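As structure tokens, the structure follows; a few thoughts come after it.
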Amino acid sequence: MHEIVVNLHMHTRYSDGTGTHKDIAESAIKTGLDAVIVTDHNVLVQGVEGYYRVGRSRVLLLVGQEVHDQDRDPQKNHLLVFNANRDVSPLADDPQTLISGVAEAGGLSFIAHPSDPEAPAFKETNISWEAWDVYGYTGIELWNALSELKTVVPTKLHGAFYAFFPQFIGYSPIPETLQRWDDFIANGQRVVAIGGSDAHALNMHLGPLHRVIFPYNFHFRAVNTHIFIPQPLTGDVPTDKKMIYEALAAGRCFIGYDLPASTRGFIFKAKGLEQSAIMGDEISARRGVTLQAHVPEPAEIRLIRDGKTIGIWRDSQACVYSASEAGAYRVEAWRNYLGRKRGWIFSNPIYVR
Ligand SMILES: [Zn+2]
Ligand SMILES: [Zn+2]
């Protein structure tokens with residue numbers, strides 16, 4: 001298995017972002033990402049997918065879309081769509097029709113910013129997901145960096161502070177979303193968690209102040225999705241795209257908040273008598289399973305089964321646990337950064353059955 005770092009969910013001038021695909025690729029190369037997935041609102045931009053190069057470095061830029069019903073008021077229920085290879089926005093007036101349409105097209109769908117509170121100081125409305133009776137989607141965007149920002153800006157002054165010091169924002173996925181995900185996976189549902197930046201590189205005007213806030217390269221160092229693919233990226237677009245989307249569909253990934261320290265090198269795996277597994281996989285509980293996690297820097301490691309914390313290892317780089325009970329086991333790692341203990345790693349579960 002080979003780990004790659006991917007930033008996903010972002011916007012260009014084709015919707016409400018300010019940059020171009022080329023700007024994104026250059027920022028991604030500068031920040032050392034392996035791939036990015038650009039998702040403009042309700043448009044599937046053609047002809048820009050591929051490898052972009054600066055000197056000897058390269059990045060794979062893939063294109064999906066973020067779809068919602070534009071006639072709905074408020075405009076809730078945003079869905080991230082990858083690999084459908086056609087514009088699915090005409091299906092947007094019914095979330096279930098949209099999700100089923102994506103699946104039929106061989107694509108992946110993720111519920112974007114499941115809890116996305118209002119930020120009245122910036123006239124931003126609540127655009128959470130409401131249609132929770134849907135089925136057949138791949139997963140949810142557990143950590144969305146922009147929703148999190150909306151939780152910390154009760155006034156414009158707060159907004160101005162975080163515009164200059166964005167490193168103080170990142171803390172963890174919104175608790176309500178985390179709870180909802182735990183409820184799903186504890187019920188045996190397979191719901192893949194991903195982390196999205198929702199980068200727009202927005203222009204902020206505040207009196208005489210003008211600033212591009214949260215530029216792409218800030219986001220690309222923050223909330224990333226780390227994906228495990230069977231072999232290193234080959235440089236052939238169709239091959240690499242297939243590997244990435246298959247791994248995402250299987251949940252072979254974790255969310256890394258890479259700003260406090262790089263999360264590259266994290267692994268969560270399981271070993272049974274005859275089988276072994278990593279995040280996203282199922283393994284039989286028969287005769288016991290050994291779960292193992294390793295983090296690249298000392299951190300507080302928490303092991304969670306069906307939403308309940310069953311072990312905490314403080315200031316550790318590894319943990320081992322003998323699991324005899326069935327359940328969805330996942331790992332979180334927390335680290336001190338800028339005066340606060342912050343979520344650093346959120347793994348997908350290993351399903352012990
Ligand atoms: Zn959205
Ligand atoms: Zn978005």
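We label chains A, B, ... in the order they appear in the structure tokens, count residues from 1 in each chain, and number ligands from 1 in the order shown.
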
Contacts of A:His294 at 9 Å (only C-alpha atoms; same-chain gap of 5+ positions) as a ChimeraX atom specification: /A:265-268,301,316-319

Would you output that residue set with N, CA, C and O atoms, as a JSON list (two decimals), in the first residue's frame?
```json
[["chain", "number", "residue", "atom", "x", "y", "z"],
["A", 265, "GLY", "N", 2.50, 9.07, 7.02],
["A", 265, "GLY", "CA", 3.11, 7.97, 7.77],
["A", 265, "GLY", "C", 2.16, 7.32, 8.76],
["A", 265, "GLY", "O", 2.47, 6.28, 9.33],
["A", 266, "PHE", "N", 0.99, 7.92, 8.96],
["A", 266, "PHE", "CA", 0.01, 7.30, 9.86],
["A", 266, "PHE", "C", -0.51, 6.00, 9.24],
["A", 266, "PHE", "O", -0.72, 5.91, 8.04],
["A", 267, "ILE", "N", -0.70, 5.00, 10.10],
["A", 267, "ILE", "CA", -1.34, 3.78, 9.62],
["A", 267, "ILE", "C", -2.20, 3.18, 10.73],
["A", 267, "ILE", "O", -1.88, 3.29, 11.91],
["A", 268, "PHE", "N", -3.30, 2.60, 10.33],
["A", 268, "PHE", "CA", -4.18, 1.87, 11.26],
["A", 268, "PHE", "C", -4.50, 0.55, 10.56],
["A", 268, "PHE", "O", -5.02, 0.54, 9.45],
["A", 301, "ILE", "N", -3.40, 9.25, 21.23],
["A", 301, "ILE", "CA", -4.10, 8.35, 20.31],
["A", 301, "ILE", "C", -5.34, 7.82, 21.01],
["A", 301, "ILE", "O", -5.27, 7.36, 22.15],
["A", 316, "SER", "N", 2.11, 9.23, 22.72],
["A", 316, "SER", "CA", 2.57, 7.95, 22.16],
["A", 316, "SER", "C", 2.65, 8.03, 20.65],
["A", 316, "SER", "O", 2.02, 8.87, 20.02],
["A", 317, "GLN", "N", 3.42, 7.11, 20.10],
["A", 317, "GLN", "CA", 3.48, 7.02, 18.64],
["A", 317, "GLN", "C", 2.84, 5.75, 18.11],
["A", 317, "GLN", "O", 2.74, 5.57, 16.90],
["A", 318, "ALA", "N", 2.48, 4.86, 19.05],
["A", 318, "ALA", "CA", 1.89, 3.60, 18.60],
["A", 318, "ALA", "C", 0.95, 3.06, 19.65],
["A", 318, "ALA", "O", 1.07, 3.38, 20.84],
["A", 319, "CYS", "N", 0.00, 2.26, 19.21],
["A", 319, "CYS", "CA", -0.85, 1.55, 20.16],
["A", 319, "CYS", "C", -1.24, 0.20, 19.58],
["A", 319, "CYS", "O", -1.29, 0.02, 18.36]]
```

Per-residue nearest contacts chain A to ligand 2, cut-off 8 Å, using only C-alpha atoms and all ligand atoms, as JSON lines:
```
{"residue": "A:His9", "atom": "CA", "partner": "ligand 2", "partner_atom_place_in_ligand_line": "1 (Zn)", "distance": 6.0}
{"residue": "A:Met10", "atom": "CA", "partner": "ligand 2", "partner_atom_place_in_ligand_line": "1 (Zn)", "distance": 5.9}
{"residue": "A:His11", "atom": "CA", "partner": "ligand 2", "partner_atom_place_in_ligand_line": "1 (Zn)", "distance": 6.5}
{"residue": "A:Thr39", "atom": "CA", "partner": "ligand 2", "partner_atom_place_in_ligand_line": "1 (Zn)", "distance": 7.1}
{"residue": "A:Asp40", "atom": "CA", "partner": "ligand 2", "partner_atom_place_in_ligand_line": "1 (Zn)", "distance": 7.2}
{"residue": "A:His41", "atom": "CA", "partner": "ligand 2", "partner_atom_place_in_ligand_line": "1 (Zn)", "distance": 7.0}
{"residue": "A:Glu66", "atom": "CA", "partner": "ligand 2", "partner_atom_place_in_ligand_line": "1 (Zn)", "distance": 6.4}
{"residue": "A:His78", "atom": "CA", "partner": "ligand 2", "partner_atom_place_in_ligand_line": "1 (Zn)", "distance": 7.9}
{"residue": "A:Ala112", "atom": "CA", "partner": "ligand 2", "partner_atom_place_in_ligand_line": "1 (Zn)", "distance": 7.5}
{"residue": "A:Asp198", "atom": "CA", "partner": "ligand 2", "partner_atom_place_in_ligand_line": "1 (Zn)", "distance": 4.6}
{"residue": "A:Ala199", "atom": "CA", "partner": "ligand 2", "partner_atom_place_in_ligand_line": "1 (Zn)", "distance": 7.3}
{"residue": "A:His200", "atom": "CA", "partner": "ligand 2", "partner_atom_place_in_ligand_line": "1 (Zn)", "distance": 7.9}
```

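Minimum distance to ligand 1 across A:Asn126, A:Thr31, A:Ser89, A:Gln189 (counting only C-alpha atoms and all ligand atoms) occurs at A:Asn126.
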
Could you build a table of the residues in chain A lying no more than 12 Å from ligand 1, giving for each the nearest pair of atoms and their separation in Å rounded to one decimal place, using only C-alpha atoms and all ligand atoms, ordered by chain and ascending residue number, as a tab-separated table?
```
residue	atom	partner	partner_atom_place_in_ligand_line	distance
A:His9	CA	ligand 1	1 (Zn)	8.7
A:Met10	CA	ligand 1	1 (Zn)	9.4
A:His11	CA	ligand 1	1 (Zn)	9.7
A:Ser15	CA	ligand 1	1 (Zn)	11.1
A:Asp16	CA	ligand 1	1 (Zn)	10.5
A:Gly17	CA	ligand 1	1 (Zn)	11.8
A:Thr39	CA	ligand 1	1 (Zn)	9.5
A:Asp40	CA	ligand 1	1 (Zn)	9.3
A:His41	CA	ligand 1	1 (Zn)	7.7
A:Asn42	CA	ligand 1	1 (Zn)	10.4
A:Gln65	CA	ligand 1	1 (Zn)	10.2
A:Glu66	CA	ligand 1	1 (Zn)	6.7
A:Val67	CA	ligand 1	1 (Zn)	8.0
A:His68	CA	ligand 1	1 (Zn)	8.0
A:Asp69	CA	ligand 1	1 (Zn)	11.2
A:Gln70	CA	ligand 1	1 (Zn)	11.5
A:Gln75	CA	ligand 1	1 (Zn)	9.1
A:Lys76	CA	ligand 1	1 (Zn)	8.2
A:Asn77	CA	ligand 1	1 (Zn)	8.1
A:His78	CA	ligand 1	1 (Zn)	5.1
A:Leu79	CA	ligand 1	1 (Zn)	7.5
A:Leu80	CA	ligand 1	1 (Zn)	8.2
A:Val81	CA	ligand 1	1 (Zn)	11.6
A:Phe110	CA	ligand 1	1 (Zn)	11.2
A:Ile111	CA	ligand 1	1 (Zn)	9.4
A:Ala112	CA	ligand 1	1 (Zn)	6.1
A:His113	CA	ligand 1	1 (Zn)	6.6
A:Pro114	CA	ligand 1	1 (Zn)	9.4
A:Ser115	CA	ligand 1	1 (Zn)	10.7
A:Asp116	CA	ligand 1	1 (Zn)	8.8
A:Pro117	CA	ligand 1	1 (Zn)	11.8
A:Glu124	CA	ligand 1	1 (Zn)	11.7
A:Thr125	CA	ligand 1	1 (Zn)	11.4
A:Asn126	CA	ligand 1	1 (Zn)	10.5
A:Ile127	CA	ligand 1	1 (Zn)	7.4
A:Ser128	CA	ligand 1	1 (Zn)	8.7
A:Trp129	CA	ligand 1	1 (Zn)	9.6
A:Glu141	CA	ligand 1	1 (Zn)	10.5
A:Asn144	CA	ligand 1	1 (Zn)	9.5
A:Ala145	CA	ligand 1	1 (Zn)	11.2
A:Leu146	CA	ligand 1	1 (Zn)	9.1
A:Ser147	CA	ligand 1	1 (Zn)	9.1
A:Gly196	CA	ligand 1	1 (Zn)	10.4
A:Ser197	CA	ligand 1	1 (Zn)	10.6
A:Asp198	CA	ligand 1	1 (Zn)	7.4
A:Ala199	CA	ligand 1	1 (Zn)	10.4
A:His200	CA	ligand 1	1 (Zn)	10.8
```

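Omitting stretch 163-169 of chain A and its sequence neighbours fewer than 2 positions away, and counting only C-alpha atoms, the residues within 9 Å are A:Ala145, A:Glu148, A:Leu149, A:Val152, A:His158, A:Gly159, A:Ala160, A:Phe161, A:Tyr171, A:Met204, A:Arg211, A:Val212, A:Ile213, A:Phe214, A:Phe218, A:Ala222, A:Leu259, A:Pro260, A:Tyr337, A:Leu338.
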
Only C-alpha atoms, please: the residues just picked out, written as a PDB file, in the first residue's frame.
```pdb
ATOM      1  CA  ALA A 145     -12.505  23.602   6.762  1.00  0.00           C
ATOM      2  CA  GLU A 148     -15.487  25.118  10.740  1.00  0.00           C
ATOM      3  CA  LEU A 149     -14.590  28.735  10.021  1.00  0.00           C
ATOM      4  CA  VAL A 152     -15.779  30.836  14.982  1.00  0.00           C
ATOM      5  CA  HIS A 158     -13.380  37.699  14.404  1.00  0.00           C
ATOM      6  CA  GLY A 159     -13.445  37.256  10.635  1.00  0.00           C
ATOM      7  CA  ALA A 160     -10.643  39.811  10.216  1.00  0.00           C
ATOM      8  CA  PHE A 161      -8.555  38.099  12.905  1.00  0.00           C
ATOM      9  CA  TYR A 171      -9.750  22.301  15.739  1.00  0.00           C
ATOM     10  CA  MET A 204     -12.351  39.919   1.574  1.00  0.00           C
ATOM     11  CA  ARG A 211      -7.066  40.549   1.274  1.00  0.00           C
ATOM     12  CA  VAL A 212      -7.254  37.170  -0.441  1.00  0.00           C
ATOM     13  CA  ILE A 213      -8.293  35.070   2.506  1.00  0.00           C
ATOM     14  CA  PHE A 214      -7.522  31.402   2.937  1.00  0.00           C
ATOM     15  CA  PHE A 218      -2.975  27.652   3.063  1.00  0.00           C
ATOM     16  CA  ALA A 222      -4.343  22.015   6.400  1.00  0.00           C
ATOM     17  CA  LEU A 259      -0.772  22.106   9.717  1.00  0.00           C
ATOM     18  CA  PRO A 260       0.376  21.200  13.266  1.00  0.00           C
ATOM     19  CA  TYR A 337      -0.758  23.255  18.636  1.00  0.00           C
ATOM     20  CA  LEU A 338      -0.985  27.008  19.277  1.00  0.00           C
TER      21      LEU A 338
END
```

DSSP says strand (DSSP E or B) for which residues of stretch 121-199 of chain A? Put them as a PDB file with C-alpha atoms, in the first residue's frame?
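Output file part.pdb follows:
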```pdb
ATOM      1  CA  GLU A 124     -23.798  33.352   5.274  1.00  0.00           C
ATOM      2  CA  GLY A 139     -19.662   8.816   2.393  1.00  0.00           C
ATOM      3  CA  ILE A 140     -19.603  12.176   4.093  1.00  0.00           C
ATOM      4  CA  GLU A 141     -17.227  15.091   4.276  1.00  0.00           C
ATOM      5  CA  LEU A 142     -16.525  14.677   7.984  1.00  0.00           C
ATOM      6  CA  TRP A 143     -14.243  17.703   8.250  1.00  0.00           C
ATOM      7  CA  ASN A 144     -14.904  20.754   6.068  1.00  0.00           C
ATOM      8  CA  VAL A 192     -16.521   6.704   4.123  1.00  0.00           C
ATOM      9  CA  ALA A 193     -15.231   9.838   5.854  1.00  0.00           C
ATOM     10  CA  ILE A 194     -13.196  12.385   3.912  1.00  0.00           C
ATOM     11  CA  GLY A 195     -11.808  15.831   4.759  1.00  0.00           C
ATOM     12  CA  GLY A 196     -12.358  18.744   2.393  1.00  0.00           C
ATOM     13  CA  ALA A 199     -11.013  26.353  -0.797  1.00  0.00           C
TER      14      ALA A 199
END
```

Distance criterion (only C-alpha atoms): nearest to A:Leu98 out of A:Gly64, A:Thr239, A:Val331, A:Gly136: A:Gly136

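Nearest to A:Glu26 of all the residues A:Ile310, A:Val352, A:Val5, A:Val59 is A:Val59, based on only C-alpha atoms.
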
For A:Ile255, the nearest of the candidates A:Ile304, A:Ala131, A:Ile283, A:Ala333, counting only C-alpha atoms: A:Ala333

From A:Asn217, A:Pro298, A:Ser100, A:Lys156, residue lying nearest A:His205 [only C-alpha atoms]: A:Lys156

Between atom CA of A:Thr225 and atom CA of A:Val295 - distance in Å to one decimal: 15.4 Å

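Among the residues of stretch 51-171 of chain A, backbone DSSP assigns alpha helix (DSSP H) to Pro95, Gln96, Thr97, Leu98, Ile99, Ser100, Gly101, Val102, Ala103, Glu104, Ala145, Leu146, Ser147, Glu148, Leu149, Lys150, Lys156, Leu157, His158, Gly159, Ala160, Phe161, Tyr162, Ala163 and Phe164 of chain A.
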
Selection near stretch 289-292 of chain A, 6 Å with only C-alpha atoms, sequence-local residues under 5 positions removed, as a ChimeraX atom specification: /A:268-272,319-323

Given the selection you just returned, output its residues as a file containing N, CA, C and O atoms, formatted as a PDB file, in the first residue's frame.
```pdb
ATOM      1  N   PHE A 268      -3.305   2.600  10.334  1.00  0.00           N
ATOM      2  CA  PHE A 268      -4.178   1.868  11.257  1.00  0.00           C
ATOM      3  C   PHE A 268      -4.501   0.552  10.559  1.00  0.00           C
ATOM      4  O   PHE A 268      -5.021   0.544   9.449  1.00  0.00           O
ATOM      5  N   LYS A 269      -4.114  -0.557  11.205  1.00  0.00           N
ATOM      6  CA  LYS A 269      -4.303  -1.855  10.547  1.00  0.00           C
ATOM      7  C   LYS A 269      -4.721  -2.923  11.554  1.00  0.00           C
ATOM      8  O   LYS A 269      -4.646  -2.708  12.765  1.00  0.00           O
ATOM      9  N   ALA A 270      -5.137  -4.042  11.020  1.00  0.00           N
ATOM     10  CA  ALA A 270      -5.605  -5.136  11.871  1.00  0.00           C
ATOM     11  C   ALA A 270      -5.039  -6.446  11.352  1.00  0.00           C
ATOM     12  O   ALA A 270      -4.839  -6.613  10.152  1.00  0.00           O
ATOM     13  N   LYS A 271      -4.790  -7.350  12.308  1.00  0.00           N
ATOM     14  CA  LYS A 271      -4.299  -8.663  11.914  1.00  0.00           C
ATOM     15  C   LYS A 271      -5.102  -9.728  12.630  1.00  0.00           C
ATOM     16  O   LYS A 271      -5.253  -9.692  13.849  1.00  0.00           O
ATOM     17  N   GLY A 272      -5.676 -10.622  11.868  1.00  0.00           N
ATOM     18  CA  GLY A 272      -6.373 -11.763  12.444  1.00  0.00           C
ATOM     19  C   GLY A 272      -5.529 -12.992  12.213  1.00  0.00           C
ATOM     20  O   GLY A 272      -4.375 -12.893  11.790  1.00  0.00           O
ATOM     21  N   CYS A 319       0.000   2.257  19.206  1.00  0.00           N
ATOM     22  CA  CYS A 319      -0.846   1.549  20.163  1.00  0.00           C
ATOM     23  C   CYS A 319      -1.242   0.203  19.584  1.00  0.00           C
ATOM     24  O   CYS A 319      -1.291   0.024  18.358  1.00  0.00           O
ATOM     25  N   VAL A 320      -1.455  -0.745  20.483  1.00  0.00           N
ATOM     26  CA  VAL A 320      -1.852  -2.096  20.096  1.00  0.00           C
ATOM     27  C   VAL A 320      -3.034  -2.485  20.966  1.00  0.00           C
ATOM     28  O   VAL A 320      -3.058  -2.179  22.153  1.00  0.00           O
ATOM     29  N   TYR A 321      -4.024  -3.139  20.374  1.00  0.00           N
ATOM     30  CA  TYR A 321      -5.235  -3.501  21.110  1.00  0.00           C
ATOM     31  C   TYR A 321      -5.757  -4.838  20.592  1.00  0.00           C
ATOM     32  O   TYR A 321      -5.837  -5.047  19.387  1.00  0.00           O
ATOM     33  N   SER A 322      -6.077  -5.718  21.516  1.00  0.00           N
ATOM     34  CA  SER A 322      -6.654  -7.008  21.131  1.00  0.00           C
ATOM     35  C   SER A 322      -8.164  -6.897  21.123  1.00  0.00           C
ATOM     36  O   SER A 322      -8.768  -6.695  22.180  1.00  0.00           O
ATOM     37  N   ALA A 323      -8.747  -7.020  19.977  1.00  0.00           N
ATOM     38  CA  ALA A 323     -10.190  -6.847  19.862  1.00  0.00           C
ATOM     39  C   ALA A 323     -10.850  -8.213  19.721  1.00  0.00           C
ATOM     40  O   ALA A 323     -10.500  -8.991  18.837  1.00  0.00           O
TER      41      ALA A 323
END
```

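For the atom pair formed by atom CA of A:Ala326 and atom CA of A:Ala103, the distance is 29.0 Å, given to one decimal.
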
Residues near A:Arg287, cut-off 9 Å, only C-alpha atoms, skip fewer than 3 positions along chain, as a ChimeraX atom specification: /A:272-273,284,324

Contacts of A:Asp315 within 10 Å, only C-alpha atoms, excl. fewer than 4 positions in-chain, as a PyMOL selection string: chain A and resi 297-301+334-335

Just-selected residues, N, CA and C atoms written as a compact mmCIF listing (two decimals), in the first residue's frame:
```txt
# COMPACT_ATOMS: atom_id res chain seq x y z
N GLU A 297 4.35 11.33 14.74
CA GLU A 297 4.92 12.13 15.83
C GLU A 297 4.12 11.78 17.09
N PRO A 298 4.72 11.95 18.28
CA PRO A 298 3.96 11.65 19.50
C PRO A 298 2.66 12.45 19.57
N ALA A 299 1.61 11.79 19.99
CA ALA A 299 0.29 12.42 20.05
C ALA A 299 -0.57 11.64 21.03
N GLU A 300 -1.76 12.17 21.31
CA GLU A 300 -2.72 11.40 22.10
C GLU A 300 -3.54 10.56 21.12
N ILE A 301 -3.40 9.25 21.23
CA ILE A 301 -4.10 8.35 20.31
C ILE A 301 -5.34 7.82 21.01
N TRP A 334 -4.72 13.35 18.59
CA TRP A 334 -4.84 14.77 18.95
C TRP A 334 -3.47 15.29 19.36
N ARG A 335 -3.19 16.54 19.01
CA ARG A 335 -1.88 17.14 19.31
C ARG A 335 -2.04 18.57 19.79
```

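Using only C-alpha atoms, the contacts of A:Glu325 at a cut-off of 10 Å, with sequence neighbours closer than 5 positions omitted, comprise Ala285, Arg286, Gly288, Val289, Arg305, Val352 and Arg353 of chain A.
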
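Going from atom CA of A:Gly343 over to atom CA of A:Ala121, you cover 26.5 Å.
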